[in-house]
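Asks: Pasting final25.cif below, which is mmCIF, C-alpha atoms.
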data_run
loop_
_atom_site.label_atom_id
_atom_site.label_comp_id
_atom_site.auth_asym_id
_atom_site.auth_seq_id
_atom_site.Cartn_x
_atom_site.Cartn_y
_atom_site.Cartn_z
CA MET A 1 3.14 -114.14 127.53
CA ASN A 2 6.59 -114.60 129.04
CA GLU A 3 7.76 -112.99 132.26
CA LEU A 4 9.53 -110.05 130.62
CA ALA A 5 6.53 -109.27 128.42
CA LYS A 6 4.30 -109.29 131.51
CA MET A 7 6.66 -106.87 133.22
CA LEU A 8 6.31 -104.50 130.28
CA GLU A 9 2.54 -104.77 130.71
CA PHE A 10 3.00 -103.81 134.35
CA ILE A 11 5.08 -100.80 133.30
CA VAL A 12 2.29 -99.68 130.97
CA GLU A 13 -0.42 -100.36 133.54
CA ILE A 14 1.16 -98.34 136.37
CA GLU A 15 1.40 -95.39 134.01
CA ARG A 16 -2.23 -94.69 134.95
CA LEU A 17 -0.92 -93.21 138.21
CA LYS A 18 -0.06 -90.17 136.05
CA ASP A 19 -3.81 -89.61 135.71
CA VAL A 20 -4.68 -89.73 139.43
CA HIS A 21 -5.14 -86.17 140.60
CA ARG A 22 -4.27 -85.02 144.09
CA LYS A 23 -5.73 -82.16 146.09
CA SER A 24 -2.89 -79.67 145.97
CA LYS A 25 -1.01 -77.82 143.24
CA PRO A 26 2.77 -77.83 142.74
CA VAL A 27 4.38 -74.54 143.74
CA GLY A 28 4.09 -72.12 140.82
CA LEU A 29 1.72 -74.28 138.75
CA ASP A 30 -1.98 -73.68 138.25
CA ARG A 31 -2.99 -77.32 138.05
CA TYR A 32 -3.39 -80.16 140.49
CA GLU A 33 -0.53 -82.52 141.06
CA ASN A 34 -0.75 -86.15 139.98
CA SER A 35 0.29 -89.08 142.13
CA ALA A 36 3.12 -90.22 139.83
CA GLU A 37 5.03 -86.93 139.94
CA HIS A 38 4.29 -86.73 143.67
CA SER A 39 5.85 -90.18 144.09
CA TRP A 40 9.06 -89.01 142.43
CA HIS A 41 9.08 -85.89 144.57
CA VAL A 42 8.78 -87.76 147.88
CA CYS A 43 11.47 -90.29 146.91
CA LEU A 44 13.97 -87.53 146.28
CA ALA A 45 12.84 -85.59 149.36
CA ALA A 46 13.32 -88.72 151.49
CA LEU A 47 16.83 -89.17 150.13
CA ILE A 48 17.78 -85.55 150.80
CA LEU A 49 16.36 -85.47 154.32
CA LYS A 50 17.41 -88.91 155.55
CA ASP A 51 19.87 -87.60 158.14
CA TYR A 52 16.99 -85.81 159.83
CA ALA A 53 15.14 -89.05 160.60
CA ASN A 54 14.75 -89.69 164.35
CA GLU A 55 16.48 -93.06 164.01
CA TRP A 56 18.68 -94.59 161.33
CA VAL A 57 16.53 -95.56 158.34
CA ASP A 58 17.31 -97.94 155.51
CA ILE A 59 16.89 -95.27 152.85
CA ASP A 60 16.88 -97.78 149.99
CA ARG A 61 13.86 -99.55 151.53
CA VAL A 62 12.21 -96.19 152.21
CA ILE A 63 12.61 -95.17 148.57
CA LYS A 64 11.15 -98.47 147.33
CA MET A 65 8.23 -98.00 149.73
CA LEU A 66 7.60 -94.51 148.39
CA LEU A 67 7.92 -95.64 144.76
CA ILE A 68 4.93 -97.95 145.26
CA HIS A 69 3.02 -96.26 148.11
CA ASP A 70 0.36 -94.68 145.89
CA LEU A 71 -0.20 -97.53 143.41
CA GLY A 72 -3.50 -98.38 145.13
CA GLU A 73 -4.88 -95.04 143.94
CA ILE A 74 -4.96 -96.28 140.34
CA ASP A 75 -8.10 -98.24 141.22
CA ALA A 76 -9.25 -96.32 144.33
CA GLY A 77 -8.47 -92.70 143.37
CA ASP A 78 -6.86 -90.06 145.57
CA THR A 79 -8.70 -88.85 148.66
CA ILE A 80 -7.77 -85.86 150.75
CA VAL A 81 -5.67 -87.06 153.68
CA TYR A 82 -8.01 -85.40 156.15
CA GLN A 83 -10.70 -87.94 155.16
CA SER A 84 -8.72 -90.80 153.69
CA GLU A 85 -8.25 -93.27 156.48
CA ALA A 86 -11.55 -95.12 156.24
CA PRO A 87 -11.06 -98.93 156.31
CA GLU A 88 -13.18 -99.44 153.15
CA LEU A 89 -10.92 -97.12 151.20
CA LYS A 90 -7.78 -98.86 152.44
CA ALA A 91 -9.26 -102.24 151.45
CA LYS A 92 -9.99 -100.91 147.96
CA GLU A 93 -6.43 -99.61 147.64
CA ALA A 94 -4.98 -102.94 148.81
CA ALA A 95 -7.07 -104.81 146.24
CA GLY A 96 -5.83 -102.42 143.57
CA VAL A 97 -2.21 -103.00 144.47
CA GLU A 98 -2.80 -106.78 144.44
CA ARG A 99 -4.34 -106.51 140.99
CA LEU A 100 -1.39 -104.57 139.58
CA LEU A 101 1.21 -106.79 141.20
CA SER A 102 -0.45 -109.90 139.78
CA LEU A 103 1.45 -109.09 136.59
CA LEU A 104 4.73 -109.78 138.41
CA PRO A 105 6.31 -113.11 139.39
CA ASP A 106 5.16 -114.48 142.77
CA ASP A 107 8.30 -113.75 144.79
CA ARG A 108 8.45 -110.17 143.59
CA ARG A 109 4.74 -109.63 144.19
CA ALA A 110 4.98 -110.84 147.78
CA GLY A 111 7.89 -108.52 148.55
CA PHE A 112 6.18 -105.45 147.16
CA MET A 113 2.89 -106.24 148.83
CA ALA A 114 4.62 -106.59 152.21
CA LEU A 115 6.34 -103.26 151.66
CA TRP A 116 3.04 -101.61 150.75
CA TYR A 117 1.36 -102.93 153.93
CA GLU A 118 4.35 -101.87 156.01
CA PHE A 119 3.97 -98.32 154.71
CA GLU A 120 0.25 -98.31 155.37
CA ALA A 121 0.66 -99.56 158.93
CA GLY A 122 3.36 -97.00 159.67
CA LYS A 123 4.74 -98.91 162.65
CA THR A 124 8.36 -99.50 161.63
CA VAL A 125 11.16 -96.95 161.70
CA ASP A 126 11.35 -96.94 157.88
CA SER A 127 7.61 -96.52 157.37
CA LYS A 128 7.29 -93.81 160.02
CA TYR A 129 9.93 -91.83 158.18
CA ALA A 130 8.37 -92.55 154.76
CA LYS A 131 4.96 -91.41 156.02
CA ALA A 132 6.49 -88.25 157.47
CA ILE A 133 8.10 -87.38 154.13
CA ASP A 134 4.86 -88.08 152.28
CA ARG A 135 3.30 -85.15 154.16
CA VAL A 136 6.04 -82.62 153.37
CA PRO A 137 5.22 -81.58 149.76
CA PRO A 138 1.51 -80.87 150.34
CA LEU A 139 2.42 -78.69 153.35
CA LEU A 140 5.04 -76.77 151.36
CA GLN A 141 2.62 -76.45 148.43
CA ASN A 142 -0.01 -74.93 150.70
CA LEU A 143 2.43 -72.76 152.61
CA ARG A 144 3.70 -71.34 149.30
CA GLY A 145 0.36 -71.47 147.54
CA GLY A 146 -1.96 -69.41 149.73
CA GLY A 147 -3.31 -72.43 151.60
CA HIS A 148 -5.37 -73.37 148.53
CA THR A 149 -6.19 -76.95 149.60
CA TRP A 150 -7.05 -75.89 153.14
CA LYS A 151 -9.33 -73.06 152.01
CA LYS A 152 -11.08 -75.08 149.31
CA ASN A 153 -11.80 -77.98 151.65
CA GLY A 154 -12.53 -76.12 154.87
CA ILE A 155 -9.48 -77.51 156.65
CA THR A 156 -8.79 -75.68 159.91
CA LYS A 157 -5.50 -74.94 161.63
CA GLU A 158 -6.36 -77.52 164.28
CA MET A 159 -6.92 -80.22 161.64
CA VAL A 160 -3.63 -79.40 159.89
CA LEU A 161 -1.63 -79.41 163.10
CA SER A 162 -3.31 -82.54 164.43
CA LEU A 163 -2.96 -84.67 161.31
CA ASN A 164 0.53 -83.53 160.38
CA SER A 165 2.01 -83.76 163.85
CA ARG A 166 2.60 -87.43 162.98
CA ILE A 167 5.61 -86.11 161.03
CA LYS A 168 7.39 -85.99 164.40
CA HIS A 169 7.30 -89.79 164.62
CA GLY A 170 9.59 -89.86 161.57
CA SER A 171 11.54 -86.66 162.13
CA GLN A 172 11.13 -84.41 165.14
CA GLN A 173 13.42 -81.75 163.65
CA LEU A 174 11.41 -81.63 160.46
CA TRP A 175 8.15 -81.28 162.36
CA ASP A 176 9.55 -78.54 164.59
CA LEU A 177 10.45 -76.48 161.52
CA LEU A 178 7.19 -77.17 159.69
CA GLU A 179 5.11 -76.51 162.80
CA SER A 180 6.70 -73.08 163.17
CA LYS A 181 5.95 -72.35 159.49
CA LEU A 182 2.34 -73.45 159.99
CA GLU A 183 2.02 -71.16 163.01
CA GLU A 184 3.36 -68.29 160.89
CA ALA A 185 0.86 -69.18 158.16
CA ALA A 186 -1.97 -69.12 160.67
CA ALA A 187 -0.80 -65.73 161.96
CA SER A 188 -0.77 -64.36 158.41
CA GLY A 189 -4.25 -65.68 157.68
CA ILE A 190 -3.60 -68.37 155.07
CA LEU A 191 -4.37 -71.14 157.54
CA MET B 1 18.92 -70.09 156.68
CA ASN B 2 19.91 -73.34 158.37
CA GLU B 3 20.67 -76.60 156.57
CA LEU B 4 17.21 -78.10 156.96
CA ALA B 5 15.49 -74.93 155.75
CA LYS B 6 17.76 -74.94 152.69
CA MET B 7 16.80 -78.53 151.99
CA LEU B 8 13.14 -77.55 152.03
CA GLU B 9 14.02 -74.84 149.49
CA PHE B 10 15.61 -77.54 147.34
CA ILE B 11 12.45 -79.64 147.60
CA VAL B 12 10.37 -76.68 146.42
CA GLU B 13 12.85 -75.80 143.66
CA ILE B 14 13.01 -79.27 142.08
CA GLU B 15 9.22 -79.25 141.88
CA ARG B 16 9.69 -77.30 138.65
CA LEU B 17 10.55 -80.60 136.96
CA LYS B 18 6.78 -81.18 137.00
CA ASP B 19 6.52 -78.39 134.43
CA VAL B 20 9.11 -79.72 131.98
CA HIS B 21 7.24 -81.34 129.11
CA ARG B 22 8.56 -84.32 127.21
CA LYS B 23 7.86 -85.36 123.62
CA SER B 24 5.60 -88.36 124.18
CA LYS B 25 2.25 -88.96 125.85
CA PRO B 26 1.55 -91.52 128.58
CA VAL B 27 -0.44 -94.49 127.30
CA GLY B 28 -4.13 -93.57 127.33
CA LEU B 29 -3.60 -89.86 128.05
CA ASP B 30 -3.99 -87.02 125.61
CA ARG B 31 -1.30 -84.82 127.03
CA TYR B 32 2.47 -84.79 127.02
CA GLU B 33 4.32 -86.40 129.87
CA ASN B 34 6.38 -84.30 132.28
CA SER B 35 9.88 -85.18 133.42
CA ALA B 36 8.94 -85.64 137.10
CA GLU B 37 6.34 -88.35 136.49
CA HIS B 38 8.70 -89.90 133.92
CA SER B 39 11.41 -90.02 136.60
CA TRP B 40 9.11 -91.98 138.93
CA HIS B 41 8.17 -94.31 136.10
CA VAL B 42 11.75 -95.20 135.19
CA CYS B 43 12.74 -95.74 138.83
CA LEU B 44 10.00 -98.31 139.29
CA ALA B 45 10.67 -99.86 135.87
CA ALA B 46 14.35 -100.23 136.76
CA LEU B 47 13.45 -101.95 140.01
CA ILE B 48 11.05 -104.38 138.29
CA LEU B 49 13.43 -105.25 135.47
CA LYS B 50 16.71 -105.45 137.40
CA ASP B 51 17.17 -109.19 136.92
CA TYR B 52 17.21 -108.62 133.16
CA ALA B 53 20.33 -106.45 133.33
CA ASN B 54 23.28 -107.96 131.45
CA GLU B 55 25.43 -107.85 134.59
CA TRP B 56 24.62 -107.47 138.27
CA VAL B 57 23.62 -103.87 138.99
CA ASP B 58 23.49 -102.02 142.28
CA ILE B 59 19.80 -101.23 141.94
CA ASP B 60 19.82 -98.73 144.81
CA ARG B 61 22.47 -96.66 143.00
CA VAL B 62 20.55 -97.03 139.74
CA ILE B 63 17.37 -95.71 141.36
CA LYS B 64 19.20 -92.73 142.87
CA MET B 65 20.72 -92.02 139.45
CA LEU B 66 17.28 -92.10 137.85
CA LEU B 67 15.73 -89.93 140.57
CA ILE B 68 18.11 -87.11 139.62
CA HIS B 69 18.88 -87.84 135.97
CA ASP B 70 16.54 -85.21 134.54
CA LEU B 71 17.11 -82.39 137.04
CA GLY B 72 19.21 -80.54 134.45
CA GLU B 73 16.07 -80.08 132.37
CA ILE B 74 14.67 -77.59 134.89
CA ASP B 75 17.04 -74.99 133.45
CA ALA B 76 17.73 -76.52 130.03
CA GLY B 77 14.32 -77.93 129.04
CA ASP B 78 13.60 -81.32 127.50
CA THR B 79 14.88 -82.07 124.01
CA ILE B 80 13.90 -85.01 121.87
CA VAL B 81 16.48 -87.74 122.34
CA TYR B 82 17.10 -87.95 118.60
CA GLN B 83 18.63 -84.46 118.77
CA SER B 84 19.63 -84.07 122.37
CA GLU B 85 23.26 -84.99 122.60
CA ALA B 86 24.84 -81.69 121.59
CA PRO B 87 27.69 -80.70 123.93
CA GLU B 88 26.23 -77.20 124.52
CA LEU B 89 22.99 -78.72 125.75
CA LYS B 90 24.78 -81.10 128.08
CA ALA B 91 26.83 -78.21 129.49
CA LYS B 92 23.62 -76.26 130.13
CA GLU B 93 22.08 -79.24 131.90
CA ALA B 94 25.20 -79.75 134.04
CA ALA B 95 25.14 -76.07 135.06
CA GLY B 96 21.47 -76.43 135.96
CA VAL B 97 22.13 -79.44 138.17
CA GLU B 98 25.02 -77.58 139.86
CA ARG B 99 22.73 -74.65 140.53
CA LEU B 100 20.04 -76.81 142.13
CA LEU B 101 22.50 -78.82 144.19
CA SER B 102 24.08 -75.64 145.55
CA LEU B 103 21.20 -75.64 148.04
CA LEU B 104 22.58 -78.85 149.58
CA PRO B 105 25.56 -79.35 151.91
CA ASP B 106 28.90 -79.82 150.11
CA ASP B 107 29.36 -83.55 150.70
CA ARG B 108 25.86 -84.33 149.49
CA ARG B 109 26.21 -82.08 146.46
CA ALA B 110 29.43 -83.78 145.36
CA GLY B 111 27.91 -87.23 145.58
CA PHE B 112 24.85 -86.33 143.53
CA MET B 113 26.89 -84.47 140.95
CA ALA B 114 29.15 -87.48 140.47
CA LEU B 115 26.11 -89.71 140.06
CA TRP B 116 24.62 -87.35 137.49
CA TYR B 117 27.85 -87.31 135.45
CA GLU B 118 28.10 -91.09 135.71
CA PHE B 119 24.62 -91.42 134.21
CA GLU B 120 25.44 -88.98 131.44
CA ALA B 121 28.67 -90.76 130.51
CA GLY B 122 26.94 -94.14 130.47
CA LYS B 123 30.16 -96.11 130.85
CA THR B 124 29.58 -98.05 134.07
CA VAL B 125 27.40 -101.13 134.46
CA ASP B 126 24.89 -99.20 136.59
CA SER B 127 24.64 -96.26 134.20
CA LYS B 128 24.36 -98.47 131.11
CA TYR B 129 21.39 -100.18 132.72
CA ALA B 130 19.86 -96.88 133.91
CA LYS B 131 20.19 -95.42 130.41
CA ALA B 132 18.59 -98.53 128.91
CA ILE B 133 15.60 -98.24 131.24
CA ASP B 134 15.26 -94.52 130.49
CA ARG B 135 14.44 -95.47 126.89
CA VAL B 136 11.73 -98.02 127.71
CA PRO B 137 8.69 -95.83 128.51
CA PRO B 138 8.90 -93.61 125.40
CA LEU B 139 9.13 -96.73 123.22
CA LEU B 140 6.13 -98.33 124.92
CA GLN B 141 4.23 -95.03 124.72
CA ASN B 142 4.83 -94.85 120.99
CA LEU B 143 4.18 -98.53 120.37
CA ARG B 144 0.83 -98.20 122.18
CA GLY B 145 0.13 -94.67 121.00
CA GLY B 146 0.24 -94.89 117.21
CA GLY B 147 3.87 -93.77 117.02
CA HIS B 148 2.81 -90.20 117.79
CA THR B 149 6.26 -88.85 118.64
CA TRP B 150 7.86 -90.52 115.65
CA LYS B 151 5.25 -89.24 113.20
CA LYS B 152 5.19 -85.71 114.60
CA ASN B 153 8.96 -85.36 114.49
CA GLY B 154 9.74 -87.26 111.28
CA ILE B 155 11.62 -90.02 113.09
CA THR B 156 12.30 -93.01 110.82
CA LYS B 157 12.52 -96.69 111.66
CA GLU B 158 16.28 -96.53 111.10
CA MET B 159 16.64 -93.68 113.60
CA VAL B 160 14.55 -95.49 116.22
CA LEU B 161 16.45 -98.75 115.85
CA SER B 162 19.83 -97.06 115.74
CA LEU B 163 19.36 -94.84 118.79
CA ASN B 164 17.55 -97.37 120.93
CA SER B 165 19.83 -100.29 120.19
CA ARG B 166 21.94 -98.90 123.04
CA ILE B 167 19.40 -100.60 125.29
CA LYS B 168 21.30 -103.82 124.61
CA HIS B 169 24.33 -102.47 126.51
CA GLY B 170 22.16 -102.50 129.65
CA SER B 171 19.91 -105.46 128.88
CA GLN B 172 20.22 -107.62 125.80
CA GLN B 173 17.00 -109.50 126.62
CA LEU B 174 15.04 -106.29 126.92
CA TRP B 175 16.36 -105.00 123.62
CA ASP B 176 15.61 -108.30 121.86
CA LEU B 177 11.97 -108.05 122.94
CA LEU B 178 11.62 -104.34 122.15
CA GLU B 179 13.37 -104.72 118.80
CA SER B 180 10.87 -107.39 117.77
CA LYS B 181 8.00 -105.08 118.82
CA LEU B 182 9.52 -102.23 116.82
CA GLU B 183 9.80 -104.49 113.76
CA GLU B 184 6.11 -105.39 114.17
CA ALA B 185 5.26 -101.69 114.48
CA ALA B 186 7.14 -100.97 111.29
CA ALA B 187 5.33 -103.79 109.51
CA SER B 188 1.98 -102.38 110.66
CA GLY B 189 2.86 -98.87 109.49
CA ILE B 190 3.10 -96.96 112.77
CA LEU B 191 6.87 -96.69 112.48
#
Go through the file and emit its structure as structure tokens.
Replies:
Amino acid sequence: MNELAKMLEFIVEIERLKDVHRKSKPVGLDRYENSAEHSWHVCLAALILKDYANEWVDIDRVIKMLLIHDLGEIDAGDTIVYQSEAPELKAKEAAGVERLLSLLPDDRRAGFMALWYEFEAGKTVDSKYAKAIDRVPPLLQNLRGGGHTWKKNGITKEMVLSLNSRIKHGSQQLWDLLESKLEEAAASGIL
Amino acid sequence: MNELAKMLEFIVEIERLKDVHRKSKPVGLDRYENSAEHSWHVCLAALILKDYANEWVDIDRVIKMLLIHDLGEIDAGDTIVYQSEAPELKAKEAAGVERLLSLLPDDRRAGFMALWYEFEAGKTVDSKYAKAIDRVPPLLQNLRGGGHTWKKNGITKEMVLSLNSRIKHGSQQLWDLLESKLEEAAASGIL
């Protein structure tokens, strides 16, 4: 199989991300979101909000990071963020990304893999911002959707505030606004 | 409402693209694809295949174009490509994009709108490539999925070859490979 044919195989293979179900529902829809549509959503959200990053970000790198950030879920599945940071799970996701990328030429594979690890580590300016944006849709979905994920999974206000406060490392302004909305949600009883 | 709050409204509003249903099914899934997950798929496909473009493309512009290319469907709906180029439909899509972008600051709105029109016109190197990539997943989905869209909608081999041959304006190599796969599909009776 030549290189182009292998790339088409990759394009078919990653399509399985459309069948990985997340833990929250898009606003207005009575079904769980999948990780492919979520990936589109965070790419566009990152583009829109880029001027709110704490420091200048290379938005083109951020978008590429977000395009691939969930590929590991094709083999590992989606896990609720409040429980998803176990090392075994991360190793399974990394192996899954390696498997998918093996369909691509070596130089391309290495670049994507590095970008995936950079996102996971969340130490660089770009990855801190990307990770902040990744948290925005599930918060909005719960704020607008009666706190459905929180209620179903027994997630407390303290857990939500603690885990999501990392948004401030990517965008303090964004976190300030979301934190105030979360406090309002708690006051109204949905969190 | 301040600028950031309006941007969060935009992020909630575009989520409706997850409820716009297309005419083909992802490989291996027994449901129709939605335009949000499709948008993610074509962005990543464009990134993977960029070296196969006929001319050098600014892949970061191409990805931004593909992130927003289907936003008009939130108001106008998805129409099968074999019937979708009526001027009234395009006007409805343009109005829909304008409506959504009205939630963004003026300078940002103008830039996105120009990018959307550039994609629609398909005259520039970047937009020719973006439009070529936009055709790839539905062809692969039909080639791997028994030609379900073609059969259901009475689409003939001549229609498929005629409409999709525009892929060559973005990537001749990609079209050569896909054309040979379509010929095989026709020989085996699925097209």
Asks: Per residue of chain A within 7 Å of chain B, which atom pair is closest and at what distance in Å (one decimal), using only C-alpha atoms, listed by chain and increasing number, as CSV?
Replies:
residue,atom,partner,partner_atom,distance
A:Ile11,CA,B:Ala45,CA,6.2
A:Val12,CA,B:Val27,CA,6.9
A:Glu15,CA,B:Pro26,CA,6.7
A:Lys18,CA,B:Glu37,CA,6.7
A:Pro26,CA,B:Glu15,CA,6.7
A:Val27,CA,B:Val12,CA,6.9
A:Ala36,CA,B:Glu37,CA,5.0
A:Glu37,CA,B:Glu37,CA,4.0
A:Ser39,CA,B:Trp40,CA,6.4
A:Trp40,CA,B:Trp40,CA,4.6
A:Leu44,CA,B:Leu67,CA,6.4
A:Ala45,CA,B:Ile11,CA,6.2
A:Asp60,CA,B:Asp60,CA,6.0
A:Leu67,CA,B:Leu44,CA,6.4
Asks: With the PyMOL selection byres ((chain A and resi 169-171) around 12) as the selection, what would be picked from this file? Answer as a ChimeraX atom specification, please.
Replies: /A:46,49-57,62,122-136,163-168,172-178 /B:4
Asks: Nearest to Pro87 in chain A: which of A:Asp58, A:Glu158, A:Asp106, A:Glu120 is it, counting all atoms listed in the file?
Replies: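 Looking at the shortest contact to Pro87 in chain A, the residue is A:Glu120.
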Asks: Run the PyMOL selection byres ((chain B and resi 181-186) around 10) on the file and write out the hits as a list in words.
Replies: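 Residues picked by the PyMOL selection byres ((chain B and resi 181-186) around 10): Leu139, Leu140, Asn142, Leu143, Arg144, Gly146, Gly147, Thr156, Lys157, Val160, Leu161, Trp175, Asp176, Leu177, Leu178, Glu179, Ser180, Ala187, Ser188, Gly189, Ile190 and Leu191 of chain B.
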Asks: Using all atoms listed in the file, determine which residues lie at most 12 Å from Gln83 in chain A, disregarding the query and same-chain residues fewer than 5 positions distant; provide the list as JSON, numbers by chain.
Replies: {"A": [23, 78, 88, 89, 90, 153, 154, 155, 159, 163]}
Asks: What separation in Å, quoted to one decimal, exists between CA of Tyr32 in chain B and CA of Leu115 in chain B?
Replies: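 Between these atoms lies a distance of 27.4 Å.
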Asks: Could you jot down the CA of Glu93 in chain A to CA of Ile74 in chain A separation for me, Å, one decimal place?
Replies: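 If I compute the distance from CA of Glu93 in chain A to CA of Ile74 in chain A, I get 8.2 Å.
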Asks: Can you tell me, as a tab-separated table (two decimals) with C-alpha atoms, in the frame of the given file, which residues sit within 12 Å of (-9.6, -105.5, 143.3) in the file's frame, using all atoms listed in the file?
Replies:
chain	number	residue	atom	x	y	z
A	72	GLY	CA	-3.50	-98.38	145.13
A	73	GLU	CA	-4.88	-95.04	143.94
A	74	ILE	CA	-4.96	-96.28	140.34
A	75	ASP	CA	-8.10	-98.24	141.22
A	76	ALA	CA	-9.25	-96.32	144.33
A	89	LEU	CA	-10.92	-97.12	151.20
A	90	LYS	CA	-7.78	-98.86	152.44
A	91	ALA	CA	-9.26	-102.24	151.45
A	92	LYS	CA	-9.99	-100.91	147.96
A	93	GLU	CA	-6.43	-99.61	147.64
A	94	ALA	CA	-4.98	-102.94	148.81
A	95	ALA	CA	-7.07	-104.81	146.24
A	96	GLY	CA	-5.83	-102.42	143.57
A	97	VAL	CA	-2.21	-103.00	144.47
A	98	GLU	CA	-2.80	-106.78	144.44
A	99	ARG	CA	-4.34	-106.51	140.99
A	100	LEU	CA	-1.39	-104.57	139.58
A	101	LEU	CA	1.21	-106.79	141.20
A	102	SER	CA	-0.45	-109.90	139.78
Asks: I'd like to know which of B:Met1, B:Ala121, B:Val20, B:Met65 is closest to Leu103 in chain B, using all atoms listed in the file.
Replies: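 Closest candidate: B:Met1.
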Asks: How far is it from CA of Thr79 in chain B to CA of Lys152 in chain B, in Å with one decimal?
Replies: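 Between these atoms lies a distance of 14.0 Å.
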